Amino acid sequence: MNPMRNLTPCLLILLFLYINNIRGQMTPTHGKVVACYVAMWAKYRSSNGKFTLDNLKPQHCTHLIYAFAGLNTTSWEIQSLDRWTDIEEDGMGNYRKMTNLRKRYSGLKVSIGIGGWNEGSKNYSILASDKEKRKSFVNSVVTFISEYKFDGVDLDWEFPSQRDGTPEDKKNFAFLIKELKDALPNSIVTAAISPNKKIIDEGYDIPKISKYLDYIYIMAYDYHGSWDLKMFPNAPLYSMDDGSVNSTVSYLLQLRAPPEKLILGLPMYGRTYISTENIPPGKNPIGQSSESDGFSGPYTCVNGTMGYYEICEELKNKEWITGWDNVSETAYAVNENRVILYDNPKSLQQKVLYANKMNLGGVMVWSIDTDDFNGNCESDYILMKSINRVLIKKNEENEKNKTNGTSRMFSLYNILTVLCAIVSIFTLTNL
């Protein structure tokens, strides 16, 4: 009899348990949604800013949203906005590359986002107003999702009733959502909505769309910018007016949005300002006058904004003085007349704690490609790690007095490890 045969079952058991343990850690298991938008145009950014699917680490997310597909205004069907990137690159395109990530990341869901700021609002208003156009669109989305194996669709119409939209957009948006869900009963149907109270009132029938949407992504940012001619935070958690995360969430709950369907948007970028005068060291810049334009970062190259990875690199320059605003729970940085108001790990953790306190379904990030994904400043994906750290800790607190399946797995793993070690020693001594 070959003594090594006694060792083989132990090794197979350990390998099985190890693989299952690793697979269980591939995506967050804290029970909350962490939806990550991925801006596919980030591949065209230069140097440290270039982001491709090879840079993506889906283990930080429960849901990925491919940003964006668009609308064909001749056929009124969904269409690719970058055919080479989406469909043809490397012989398969990024649609299939992203949905194939589910093979390696257990539990991951992948949706296609349709719309975005650059798509405007007018054409979506025309689409939603016509029953036959809506039918063509919905049918095309069903075919599209089946062809590229997406788990669902995220509607990013920015925004119903605004930007050449009409007052009828409010009811028509609800029709469009209902018809999408009716056609996709087993898929995830979500929508990203404005945080602005006026747009909420004019563009969204919250009780109706809540009935058909699986999740509502609140774009809880862009409350302020250089257009205000004063310096205010991009995404204040609290404020003295209606322009804050707390005001938006409270209002949506007042409108009877189910809290478990509300997903709080977190910005991975900040707003930049040029003050009308130099800010003295130690002075809080919030509320001070600014020019009509901010400044841009070296990678995103959008005037008035900087991605977090640009901000953290910029702050390596010791001329910047950083601070914290206790009212808005926001970080800021000042260098004479240049000011950045932004979210950092601390401010995002405060927002996650707030989402938990309000019993929301989770959080969403715009967008994961502007986190410090290369770790040029600190740990890679420092913002995503900070977000999940809070959610994991909260989940552990909730599960503290319950039977923990993961603990049982580790206990079983440890017991079998000891038993196999004993068998191994016995086997080896008899070789």
# chains A, B, ... in the order shown; residues from 1 in each chain; ligands from 1
>>> select_by_dssp(residues="segment 51-264 of chain A", states="helix (DSSP H, G or I)", output="PyMOL selection string")
chain A and resi 58-60+83-91+93-103+117-119+122-129+131-148+169-183+197-203+206-212+226-228+245-254+259-261
>>> residues_around(residues="Ile321 of chain A", least_positions_apart="5", cutoff="8 Å", atoms="only C-alpha atoms", output="list in words")
Pro281, Gly282, Ala333, Val334 and Asn335 of chain A
>>> select_by_dssp(residues="segment 270-310 of chain A", states="strand (DSSP E or B)", output="compact mmCIF listing (two decimals) with all heavy atoms, in the first residue's frame")
# COMPACT_ATOMS: atom_id res chain seq x y z
N GLY A 270 -12.97 66.45 -6.81
CA GLY A 270 -13.28 67.66 -6.08
C GLY A 270 -13.48 68.82 -7.02
O GLY A 270 -13.26 68.72 -8.24
N ARG A 271 -13.90 69.95 -6.47
CA ARG A 271 -14.10 71.18 -7.23
C ARG A 271 -12.94 72.14 -6.98
O ARG A 271 -12.47 72.26 -5.83
CB ARG A 271 -15.42 71.84 -6.85
CG ARG A 271 -16.64 71.11 -7.40
CD ARG A 271 -16.82 71.40 -8.86
NE ARG A 271 -17.83 70.52 -9.48
CZ ARG A 271 -18.10 70.51 -10.77
NH1 ARG A 271 -17.42 71.31 -11.58
NH2 ARG A 271 -19.00 69.70 -11.26
N THR A 272 -12.50 72.79 -8.05
CA THR A 272 -11.38 73.72 -7.94
C THR A 272 -11.87 75.15 -8.13
O THR A 272 -12.82 75.41 -8.89
CB THR A 272 -10.30 73.41 -8.98
OG1 THR A 272 -10.83 73.61 -10.30
CG2 THR A 272 -9.81 71.97 -8.84
N TYR A 273 -11.21 76.06 -7.45
CA TYR A 273 -11.60 77.48 -7.50
C TYR A 273 -10.35 78.36 -7.56
O TYR A 273 -9.28 77.98 -7.07
CB TYR A 273 -12.39 77.86 -6.24
CG TYR A 273 -13.68 77.11 -6.03
CD1 TYR A 273 -13.70 75.89 -5.33
CD2 TYR A 273 -14.89 77.61 -6.51
CE1 TYR A 273 -14.88 75.21 -5.12
CE2 TYR A 273 -16.08 76.95 -6.29
CZ TYR A 273 -16.07 75.74 -5.60
OH TYR A 273 -17.26 75.06 -5.39
N ILE A 274 -10.54 79.52 -8.15
CA ILE A 274 -9.54 80.58 -8.07
C ILE A 274 -10.17 81.73 -7.31
O ILE A 274 -11.15 82.35 -7.77
CB ILE A 274 -9.08 81.03 -9.47
CG1 ILE A 274 -8.42 79.87 -10.20
CG2 ILE A 274 -8.11 82.21 -9.36
CD1 ILE A 274 -8.03 80.18 -11.63
N SER A 275 -9.65 82.00 -6.13
CA SER A 275 -10.20 83.04 -5.28
C SER A 275 -9.91 84.42 -5.85
O SER A 275 -8.93 84.62 -6.58
CB SER A 275 -9.60 82.93 -3.87
OG SER A 275 -10.01 84.01 -3.06
N SER A 289 -15.34 84.69 -2.12
CA SER A 289 -15.60 84.96 -3.53
C SER A 289 -14.56 84.28 -4.41
O SER A 289 -13.40 84.12 -4.03
CB SER A 289 -15.59 86.46 -3.79
OG SER A 289 -16.63 87.10 -3.07
N SER A 290 -15.01 83.89 -5.63
CA SER A 290 -14.10 83.23 -6.57
C SER A 290 -14.36 83.72 -7.98
O SER A 290 -15.40 84.33 -8.28
CB SER A 290 -14.28 81.71 -6.52
OG SER A 290 -15.52 81.34 -7.07
N THR A 305 -12.59 70.96 -12.06
CA THR A 305 -12.61 69.71 -11.30
C THR A 305 -11.24 69.05 -11.33
O THR A 305 -10.44 69.27 -12.24
CB THR A 305 -13.64 68.69 -11.85
OG1 THR A 305 -13.20 68.20 -13.11
CG2 THR A 305 -15.01 69.31 -12.00
N MET A 306 -10.99 68.22 -10.33
CA MET A 306 -9.81 67.37 -10.31
C MET A 306 -10.20 66.03 -9.70
O MET A 306 -10.92 65.98 -8.70
CB MET A 306 -8.67 67.98 -9.48
CG MET A 306 -8.04 69.22 -10.09
SD MET A 306 -6.74 69.94 -9.04
CE MET A 306 -5.41 68.75 -9.33
N GLY A 307 -9.74 64.94 -10.31
CA GLY A 307 -9.94 63.63 -9.73
C GLY A 307 -9.11 63.49 -8.46
O GLY A 307 -8.11 64.20 -8.27
>>> residues_around(residues="Tyr212 of chain A", least_positions_apart="3", cutoff="7 Å", atoms="only C-alpha atoms", output="count of residues only")
4
>>> residues_around(residues="Asp241 of chain A", least_positions_apart="6", cutoff="12 Å", atoms="only C-alpha atoms", output="MDAnalysis selection string")
chainID A and resid 196:197 223 232 247:248 327:328
>>> write_last_selection(atoms="all heavy atoms", output="CSV table (one decimal), in the first residue's frame")
chain,number,residue,atom,x,y,z
A,196,ASN,N,-30.8,67.7,-6.9
A,196,ASN,CA,-31.4,69.0,-6.8
A,196,ASN,C,-32.9,68.9,-6.5
A,196,ASN,O,-33.6,68.3,-7.3
A,196,ASN,CB,-31.1,69.8,-8.1
A,196,ASN,CG,-31.6,71.2,-8.1
A,196,ASN,OD1,-32.8,71.4,-8.2
A,196,ASN,ND2,-30.6,72.1,-8.0
A,197,LYS,N,-33.4,69.6,-5.5
A,197,LYS,CA,-34.8,69.5,-5.1
A,197,LYS,C,-35.7,70.0,-6.2
A,197,LYS,O,-36.7,69.3,-6.5
A,197,LYS,CB,-35.0,70.3,-3.9
A,197,LYS,CG,-36.4,70.2,-3.3
A,197,LYS,CD,-36.6,71.0,-2.0
A,197,LYS,CE,-38.0,70.9,-1.5
A,197,LYS,NZ,-38.2,71.7,-0.2
A,223,TYR,N,-23.2,69.9,-6.1
A,223,TYR,CA,-24.1,70.9,-5.5
A,223,TYR,C,-23.6,72.3,-5.7
A,223,TYR,O,-24.3,73.3,-5.8
A,223,TYR,CB,-24.1,70.7,-4.0
A,223,TYR,CG,-24.9,69.4,-3.5
A,223,TYR,CD1,-24.3,68.2,-3.3
A,223,TYR,CD2,-26.3,69.5,-3.3
A,223,TYR,CE1,-25.0,67.1,-2.9
A,223,TYR,CE2,-27.0,68.4,-2.9
A,223,TYR,CZ,-26.4,67.2,-2.7
A,223,TYR,OH,-27.1,66.1,-2.4
A,232,PHE,N,-17.8,76.8,-2.4
A,232,PHE,CA,-18.5,75.9,-1.6
A,232,PHE,C,-18.2,74.5,-1.9
A,232,PHE,O,-17.7,74.2,-3.0
A,232,PHE,CB,-20.0,76.1,-1.8
A,232,PHE,CG,-20.5,77.5,-1.2
A,232,PHE,CD1,-20.9,78.5,-2.1
A,232,PHE,CD2,-20.6,77.7,0.1
A,232,PHE,CE1,-21.4,79.7,-1.6
A,232,PHE,CE2,-21.1,78.9,0.7
A,232,PHE,CZ,-21.5,79.9,-0.2
A,247,SER,N,-29.9,67.0,3.0
A,247,SER,CA,-31.2,67.6,2.5
A,247,SER,C,-31.8,66.8,1.4
A,247,SER,O,-33.0,66.5,1.4
A,247,SER,CB,-30.9,69.0,2.0
A,247,SER,OG,-30.5,69.9,3.1
A,248,THR,N,-31.0,66.3,0.5
A,248,THR,CA,-31.4,65.5,-0.6
A,248,THR,C,-32.0,64.1,-0.1
A,248,THR,O,-33.2,63.8,-0.5
A,248,THR,CB,-30.3,65.2,-1.6
A,248,THR,OG1,-29.8,66.4,-2.2
A,248,THR,CG2,-30.8,64.2,-2.7
A,327,VAL,N,-18.6,71.9,9.4
A,327,VAL,CA,-20.1,72.0,9.1
A,327,VAL,C,-20.4,71.0,8.0
A,327,VAL,O,-21.4,70.2,8.1
A,327,VAL,CB,-20.4,73.4,8.7
A,327,VAL,CG1,-21.9,73.5,8.2
A,327,VAL,CG2,-20.2,74.4,9.9
A,328,SER,N,-19.7,71.1,6.9
A,328,SER,CA,-20.0,70.3,5.7
A,328,SER,C,-19.3,68.9,5.7
A,328,SER,O,-19.6,68.1,4.8
A,328,SER,CB,-19.6,71.0,4.4
A,328,SER,OG,-18.2,71.2,4.4
>>> residues_around(residues="segment 61-69 of chain A", least_positions_apart="3", cutoff="7 Å", atoms="only C-alpha atoms", output="CSV table (one decimal) with N, CA and C atoms, in the first residue's frame")
chain,number,residue,atom,x,y,z
A,27,THR,N,-15.6,39.7,-3.8
A,27,THR,CA,-16.4,40.9,-3.8
A,27,THR,C,-16.9,41.2,-2.4
A,28,PRO,N,-17.2,42.4,-2.0
A,28,PRO,CA,-17.6,42.7,-0.7
A,28,PRO,C,-18.8,41.9,-0.2
A,33,VAL,N,-24.9,47.6,-1.1
A,33,VAL,CA,-24.5,47.8,-2.4
A,33,VAL,C,-23.3,48.8,-2.5
A,34,VAL,N,-22.3,48.4,-3.3
A,34,VAL,CA,-21.2,49.3,-3.6
A,34,VAL,C,-21.1,49.3,-5.1
A,35,ALA,N,-21.8,50.3,-5.7
A,35,ALA,CA,-21.9,50.4,-7.2
A,35,ALA,C,-20.8,51.3,-7.7
A,36,CYS,N,-20.0,50.8,-8.7
A,36,CYS,CA,-18.9,51.6,-9.2
A,36,CYS,C,-19.1,51.9,-10.7
A,37,TYR,N,-19.2,53.2,-11.0
A,37,TYR,CA,-19.2,53.6,-12.4
A,37,TYR,C,-17.8,53.5,-12.9
A,38,VAL,N,-17.6,53.0,-14.1
A,38,VAL,CA,-16.3,52.9,-14.8
A,38,VAL,C,-16.4,53.8,-16.0
A,39,ALA,N,-15.7,54.9,-16.1
A,39,ALA,CA,-15.7,55.8,-17.2
A,39,ALA,C,-14.8,55.2,-18.3
A,40,MET,N,-15.3,54.7,-19.4
A,40,MET,CA,-14.5,54.0,-20.4
A,40,MET,C,-13.6,55.0,-21.1
A,58,PRO,N,-12.3,44.8,-9.3
A,58,PRO,CA,-13.7,44.6,-9.0
A,58,PRO,C,-14.0,44.1,-7.5
A,78,ILE,N,-30.6,51.7,-28.4
A,78,ILE,CA,-29.3,51.8,-27.7
A,78,ILE,C,-28.2,51.6,-28.7
A,79,GLN,N,-27.1,52.4,-28.5
A,79,GLN,CA,-25.9,52.2,-29.4
A,79,GLN,C,-24.6,52.5,-28.6
A,80,SER,N,-23.6,51.9,-29.2
A,80,SER,CA,-22.2,52.1,-28.6
A,80,SER,C,-21.8,53.6,-29.0
A,81,LEU,N,-21.1,54.2,-28.0
A,81,LEU,CA,-20.6,55.5,-28.3
A,81,LEU,C,-19.1,55.5,-28.7
A,108,LEU,N,-20.4,39.3,-8.4
A,108,LEU,CA,-20.4,40.6,-9.1
A,108,LEU,C,-21.5,40.8,-10.1
A,109,LYS,N,-22.1,42.0,-10.1
A,109,LYS,CA,-23.2,42.3,-11.1
A,109,LYS,C,-22.6,43.4,-12.0
A,110,VAL,N,-23.0,43.3,-13.3
A,110,VAL,CA,-22.5,44.3,-14.3
A,110,VAL,C,-23.6,44.8,-15.1
A,111,SER,N,-23.8,46.2,-15.1
A,111,SER,CA,-24.9,46.8,-15.8
A,111,SER,C,-24.3,47.7,-16.9
A,112,ILE,N,-25.1,48.0,-17.9
A,112,ILE,CA,-24.7,49.0,-18.9
A,112,ILE,C,-25.4,50.3,-18.6
A,113,GLY,N,-24.6,51.4,-18.5
A,113,GLY,CA,-25.2,52.7,-18.3
A,113,GLY,C,-25.5,53.3,-19.6
A,114,ILE,N,-26.7,54.0,-19.7
A,114,ILE,CA,-27.1,54.6,-20.9
A,114,ILE,C,-27.3,56.1,-20.6
A,115,GLY,N,-26.6,57.0,-21.4
A,115,GLY,CA,-26.8,58.4,-21.2
A,115,GLY,C,-25.6,59.1,-20.8
A,116,GLY,N,-25.7,59.8,-19.7
A,116,GLY,CA,-24.6,60.6,-19.2
A,116,GLY,C,-24.7,62.1,-19.6
>>> residues_around(residues="His60 of chain A", least_positions_apart="6", cutoff="12 Å", atoms="only C-alpha atoms", output="PDB file with N, CA, C and O atoms, in the first residue's frame")
ATOM      1  N   GLN A  25     -14.107  35.977  -0.863  1.00  0.00           N
ATOM      2  CA  GLN A  25     -13.554  37.282  -0.557  1.00  0.00           C
ATOM      3  C   GLN A  25     -13.426  38.161  -1.803  1.00  0.00           C
ATOM      4  O   GLN A  25     -12.925  39.274  -1.715  1.00  0.00           O
ATOM      5  N   MET A  26     -13.858  37.654  -2.959  1.00  0.00           N
ATOM      6  CA  MET A  26     -13.601  38.376  -4.200  1.00  0.00           C
ATOM      7  C   MET A  26     -14.397  39.665  -4.312  1.00  0.00           C
ATOM      8  O   MET A  26     -13.955  40.617  -4.920  1.00  0.00           O
ATOM      9  N   THR A  27     -15.600  39.710  -3.809  1.00  0.00           N
ATOM     10  CA  THR A  27     -16.389  40.933  -3.800  1.00  0.00           C
ATOM     11  C   THR A  27     -16.870  41.175  -2.379  1.00  0.00           C
ATOM     12  O   THR A  27     -16.920  40.248  -1.567  1.00  0.00           O
ATOM     13  N   PRO A  28     -17.228  42.427  -2.046  1.00  0.00           N
ATOM     14  CA  PRO A  28     -17.643  42.716  -0.666  1.00  0.00           C
ATOM     15  C   PRO A  28     -18.817  41.853  -0.221  1.00  0.00           C
ATOM     16  O   PRO A  28     -19.748  41.603  -0.992  1.00  0.00           O
ATOM     17  N   THR A  29     -18.762  41.409   1.024  1.00  0.00           N
ATOM     18  CA  THR A  29     -19.817  40.537   1.557  1.00  0.00           C
ATOM     19  C   THR A  29     -20.505  41.162   2.763  1.00  0.00           C
ATOM     20  O   THR A  29     -21.043  40.463   3.607  1.00  0.00           O
ATOM     21  N   HIS A  30     -20.490  42.495   2.834  1.00  0.00           N
ATOM     22  CA  HIS A  30     -21.064  43.181   3.986  1.00  0.00           C
ATOM     23  C   HIS A  30     -22.561  43.439   3.867  1.00  0.00           C
ATOM     24  O   HIS A  30     -23.172  44.013   4.753  1.00  0.00           O
ATOM     25  N   LYS A  32     -24.232  45.380   1.735  1.00  0.00           N
ATOM     26  CA  LYS A  32     -24.634  46.659   1.165  1.00  0.00           C
ATOM     27  C   LYS A  32     -24.161  46.761  -0.286  1.00  0.00           C
ATOM     28  O   LYS A  32     -23.170  46.153  -0.679  1.00  0.00           O
ATOM     29  N   VAL A  33     -24.865  47.551  -1.065  1.00  0.00           N
ATOM     30  CA  VAL A  33     -24.461  47.812  -2.442  1.00  0.00           C
ATOM     31  C   VAL A  33     -23.266  48.753  -2.462  1.00  0.00           C
ATOM     32  O   VAL A  33     -23.244  49.759  -1.749  1.00  0.00           O
ATOM     33  N   VAL A  34     -22.263  48.415  -3.258  1.00  0.00           N
ATOM     34  CA  VAL A  34     -21.179  49.348  -3.588  1.00  0.00           C
ATOM     35  C   VAL A  34     -21.083  49.343  -5.114  1.00  0.00           C
ATOM     36  O   VAL A  34     -20.449  48.479  -5.712  1.00  0.00           O
ATOM     37  N   ALA A  35     -21.786  50.285  -5.731  1.00  0.00           N
ATOM     38  CA  ALA A  35     -21.858  50.358  -7.186  1.00  0.00           C
ATOM     39  C   ALA A  35     -20.771  51.291  -7.702  1.00  0.00           C
ATOM     40  O   ALA A  35     -20.643  52.420  -7.236  1.00  0.00           O
ATOM     41  N   CYS A  36     -20.003  50.816  -8.669  1.00  0.00           N
ATOM     42  CA  CYS A  36     -18.864  51.574  -9.186  1.00  0.00           C
ATOM     43  C   CYS A  36     -19.055  51.882 -10.661  1.00  0.00           C
ATOM     44  O   CYS A  36     -19.084  50.968 -11.493  1.00  0.00           O
ATOM     45  N   TYR A  37     -19.207  53.151 -10.969  1.00  0.00           N
ATOM     46  CA  TYR A  37     -19.189  53.558 -12.369  1.00  0.00           C
ATOM     47  C   TYR A  37     -17.760  53.488 -12.885  1.00  0.00           C
ATOM     48  O   TYR A  37     -16.816  53.868 -12.185  1.00  0.00           O
ATOM     49  N   TYR A 105     -14.982  36.926 -10.288  1.00  0.00           N
ATOM     50  CA  TYR A 105     -15.420  37.638  -9.092  1.00  0.00           C
ATOM     51  C   TYR A 105     -16.842  37.212  -8.750  1.00  0.00           C
ATOM     52  O   TYR A 105     -17.819  37.715  -9.306  1.00  0.00           O
ATOM     53  N   GLY A 107     -20.369  36.772  -7.387  1.00  0.00           N
ATOM     54  CA  GLY A 107     -21.380  37.694  -6.890  1.00  0.00           C
ATOM     55  C   GLY A 107     -21.410  39.045  -7.569  1.00  0.00           C
ATOM     56  O   GLY A 107     -22.323  39.841  -7.340  1.00  0.00           O
ATOM     57  N   LEU A 108     -20.433  39.329  -8.407  1.00  0.00           N
ATOM     58  CA  LEU A 108     -20.365  40.621  -9.091  1.00  0.00           C
ATOM     59  C   LEU A 108     -21.511  40.763 -10.093  1.00  0.00           C
ATOM     60  O   LEU A 108     -21.829  39.835 -10.820  1.00  0.00           O
ATOM     61  N   VAL A 363     -23.975  52.457  -1.306  1.00  0.00           N
ATOM     62  CA  VAL A 363     -23.345  53.639  -1.888  1.00  0.00           C
ATOM     63  C   VAL A 363     -22.947  53.356  -3.334  1.00  0.00           C
ATOM     64  O   VAL A 363     -22.828  52.209  -3.755  1.00  0.00           O
ATOM     65  N   MET A 364     -22.730  54.439  -4.055  1.00  0.00           N
ATOM     66  CA  MET A 364     -22.282  54.387  -5.444  1.00  0.00           C
ATOM     67  C   MET A 364     -21.120  55.358  -5.578  1.00  0.00           C
ATOM     68  O   MET A 364     -21.075  56.373  -4.867  1.00  0.00           O
ATOM     69  N   VAL A 365     -20.159  55.073  -6.451  1.00  0.00           N
ATOM     70  CA  VAL A 365     -19.050  56.003  -6.649  1.00  0.00           C
ATOM     71  C   VAL A 365     -18.976  56.466  -8.102  1.00  0.00           C
ATOM     72  O   VAL A 365     -19.146  55.688  -9.033  1.00  0.00           O
ATOM     73  N   ILE A 368     -14.750  55.191 -10.256  1.00  0.00           N
ATOM     74  CA  ILE A 368     -13.651  54.437  -9.654  1.00  0.00           C
ATOM     75  C   ILE A 368     -12.310  54.727 -10.325  1.00  0.00           C
ATOM     76  O   ILE A 368     -11.251  54.594  -9.702  1.00  0.00           O
ATOM     77  N   ASP A 371     -10.062  57.269  -8.417  1.00  0.00           N
ATOM     78  CA  ASP A 371      -9.420  56.918  -7.152  1.00  0.00           C
ATOM     79  C   ASP A 371      -7.910  56.827  -7.419  1.00  0.00           C
ATOM     80  O   ASP A 371      -7.476  56.791  -8.571  1.00  0.00           O
ATOM     81  N   PHE A 373      -5.795  54.710  -8.029  1.00  0.00           N
ATOM     82  CA  PHE A 373      -5.783  53.283  -8.344  1.00  0.00           C
ATOM     83  C   PHE A 373      -4.380  52.713  -8.470  1.00  0.00           C
ATOM     84  O   PHE A 373      -4.173  51.516  -8.286  1.00  0.00           O
ATOM     85  N   ASP A 380      -3.032  51.759  -2.902  1.00  0.00           N
ATOM     86  CA  ASP A 380      -3.875  51.819  -4.091  1.00  0.00           C
ATOM     87  C   ASP A 380      -5.338  51.690  -3.694  1.00  0.00           C
ATOM     88  O   ASP A 380      -5.692  51.026  -2.729  1.00  0.00           O
ATOM     89  N   TYR A 381      -6.187  52.358  -4.447  1.00  0.00           N
ATOM     90  CA  TYR A 381      -7.625  52.364  -4.199  1.00  0.00           C
ATOM     91  C   TYR A 381      -7.944  52.765  -2.753  1.00  0.00           C
ATOM     92  O   TYR A 381      -8.809  52.176  -2.102  1.00  0.00           O
ATOM     93  N   ILE A 382      -7.295  53.792  -2.282  1.00  0.00           N
ATOM     94  CA  ILE A 382      -7.463  54.201  -0.881  1.00  0.00           C
ATOM     95  C   ILE A 382      -8.904  54.610  -0.572  1.00  0.00           C
ATOM     96  O   ILE A 382      -9.402  54.347   0.523  1.00  0.00           O
ATOM     97  N   LEU A 383      -9.579  55.246  -1.529  1.00  0.00           N
ATOM     98  CA  LEU A 383     -10.956  55.659  -1.285  1.00  0.00           C
ATOM     99  C   LEU A 383     -11.889  54.452  -1.226  1.00  0.00           C
ATOM    100  O   LEU A 383     -12.732  54.353  -0.323  1.00  0.00           O
ATOM    101  N   MET A 384     -11.749  53.530  -2.166  1.00  0.00           N
ATOM    102  CA  MET A 384     -12.595  52.338  -2.162  1.00  0.00           C
ATOM    103  C   MET A 384     -12.366  51.512  -0.904  1.00  0.00           C
ATOM    104  O   MET A 384     -13.317  50.982  -0.306  1.00  0.00           O
ATOM    105  N   LYS A 385     -11.128  51.392  -0.494  1.00  0.00           N
ATOM    106  CA  LYS A 385     -10.826  50.636   0.721  1.00  0.00           C
ATOM    107  C   LYS A 385     -11.430  51.309   1.943  1.00  0.00           C
ATOM    108  O   LYS A 385     -11.944  50.632   2.853  1.00  0.00           O
ATOM    109  N   SER A 386     -11.401  52.634   1.980  1.00  0.00           N
ATOM    110  CA  SER A 386     -11.972  53.369   3.112  1.00  0.00           C
ATOM    111  C   SER A 386     -13.476  53.169   3.197  1.00  0.00           C
ATOM    112  O   SER A 386     -14.036  53.006   4.286  1.00  0.00           O
ATOM    113  N   ILE A 387     -14.136  53.177   2.036  1.00  0.00           N
ATOM    114  CA  ILE A 387     -15.586  52.971   1.996  1.00  0.00           C
ATOM    115  C   ILE A 387     -15.953  51.587   2.518  1.00  0.00           C
ATOM    116  O   ILE A 387     -16.815  51.426   3.392  1.00  0.00           O
ATOM    117  N   ASN A 388     -15.295  50.572   1.991  1.00  0.00           N
ATOM    118  CA  ASN A 388     -15.630  49.198   2.380  1.00  0.00           C
ATOM    119  C   ASN A 388     -15.243  48.897   3.823  1.00  0.00           C
ATOM    120  O   ASN A 388     -15.889  48.076   4.482  1.00  0.00           O
ATOM    121  N   ARG A 389     -14.206  49.568   4.314  1.00  0.00           N
ATOM    122  CA  ARG A 389     -13.800  49.352   5.702  1.00  0.00           C
ATOM    123  C   ARG A 389     -14.933  49.711   6.668  1.00  0.00           C
ATOM    124  O   ARG A 389     -15.190  48.995   7.630  1.00  0.00           O
ATOM    125  N   LEU A 391     -18.196  49.794   5.907  1.00  0.00           N
ATOM    126  CA  LEU A 391     -19.305  48.859   5.713  1.00  0.00           C
ATOM    127  C   LEU A 391     -19.017  47.506   6.341  1.00  0.00           C
ATOM    128  O   LEU A 391     -19.909  46.871   6.918  1.00  0.00           O
ATOM    129  N   ILE A 392     -17.768  47.054   6.244  1.00  0.00           N
ATOM    130  CA  ILE A 392     -17.387  45.779   6.854  1.00  0.00           C
ATOM    131  C   ILE A 392     -17.499  45.866   8.373  1.00  0.00           C
ATOM    132  O   ILE A 392     -18.037  44.964   9.028  1.00  0.00           O
TER     133      ILE A 392
END
>>> closest_residue(among="A:Arg83, A:Lys97, A:Lys135, A:Lys208", to="Lys171 of chain A", atoms="only C-alpha atoms")
A:Lys208
>>> closest_residue(among="A:Glu291, A:Asp242, A:Asp372, A:Glu168", to="Glu277 of chain A", atoms="only C-alpha atoms")
A:Glu291
>>> residues_around(residues="Tyr308 of chain A", least_positions_apart="6", cutoff="12 Å", atoms="only C-alpha atoms", output="VMD selection string")
chain A and resid 49 266 to 272 297 to 300 314 to 315 331 340 to 345 348 366 to 378 380 to 384
>>> closest_residue(among="A:Glu202, A:Gly304, A:Thr166, A:Glu179", to="Trp227 of chain A", atoms="only C-alpha atoms")
A:Gly304
>>> closest_residue(among="A:Thr73, A:Arg45, A:Leu53, A:Val138", to="Val302 of chain A", atoms="only C-alpha atoms")
A:Arg45
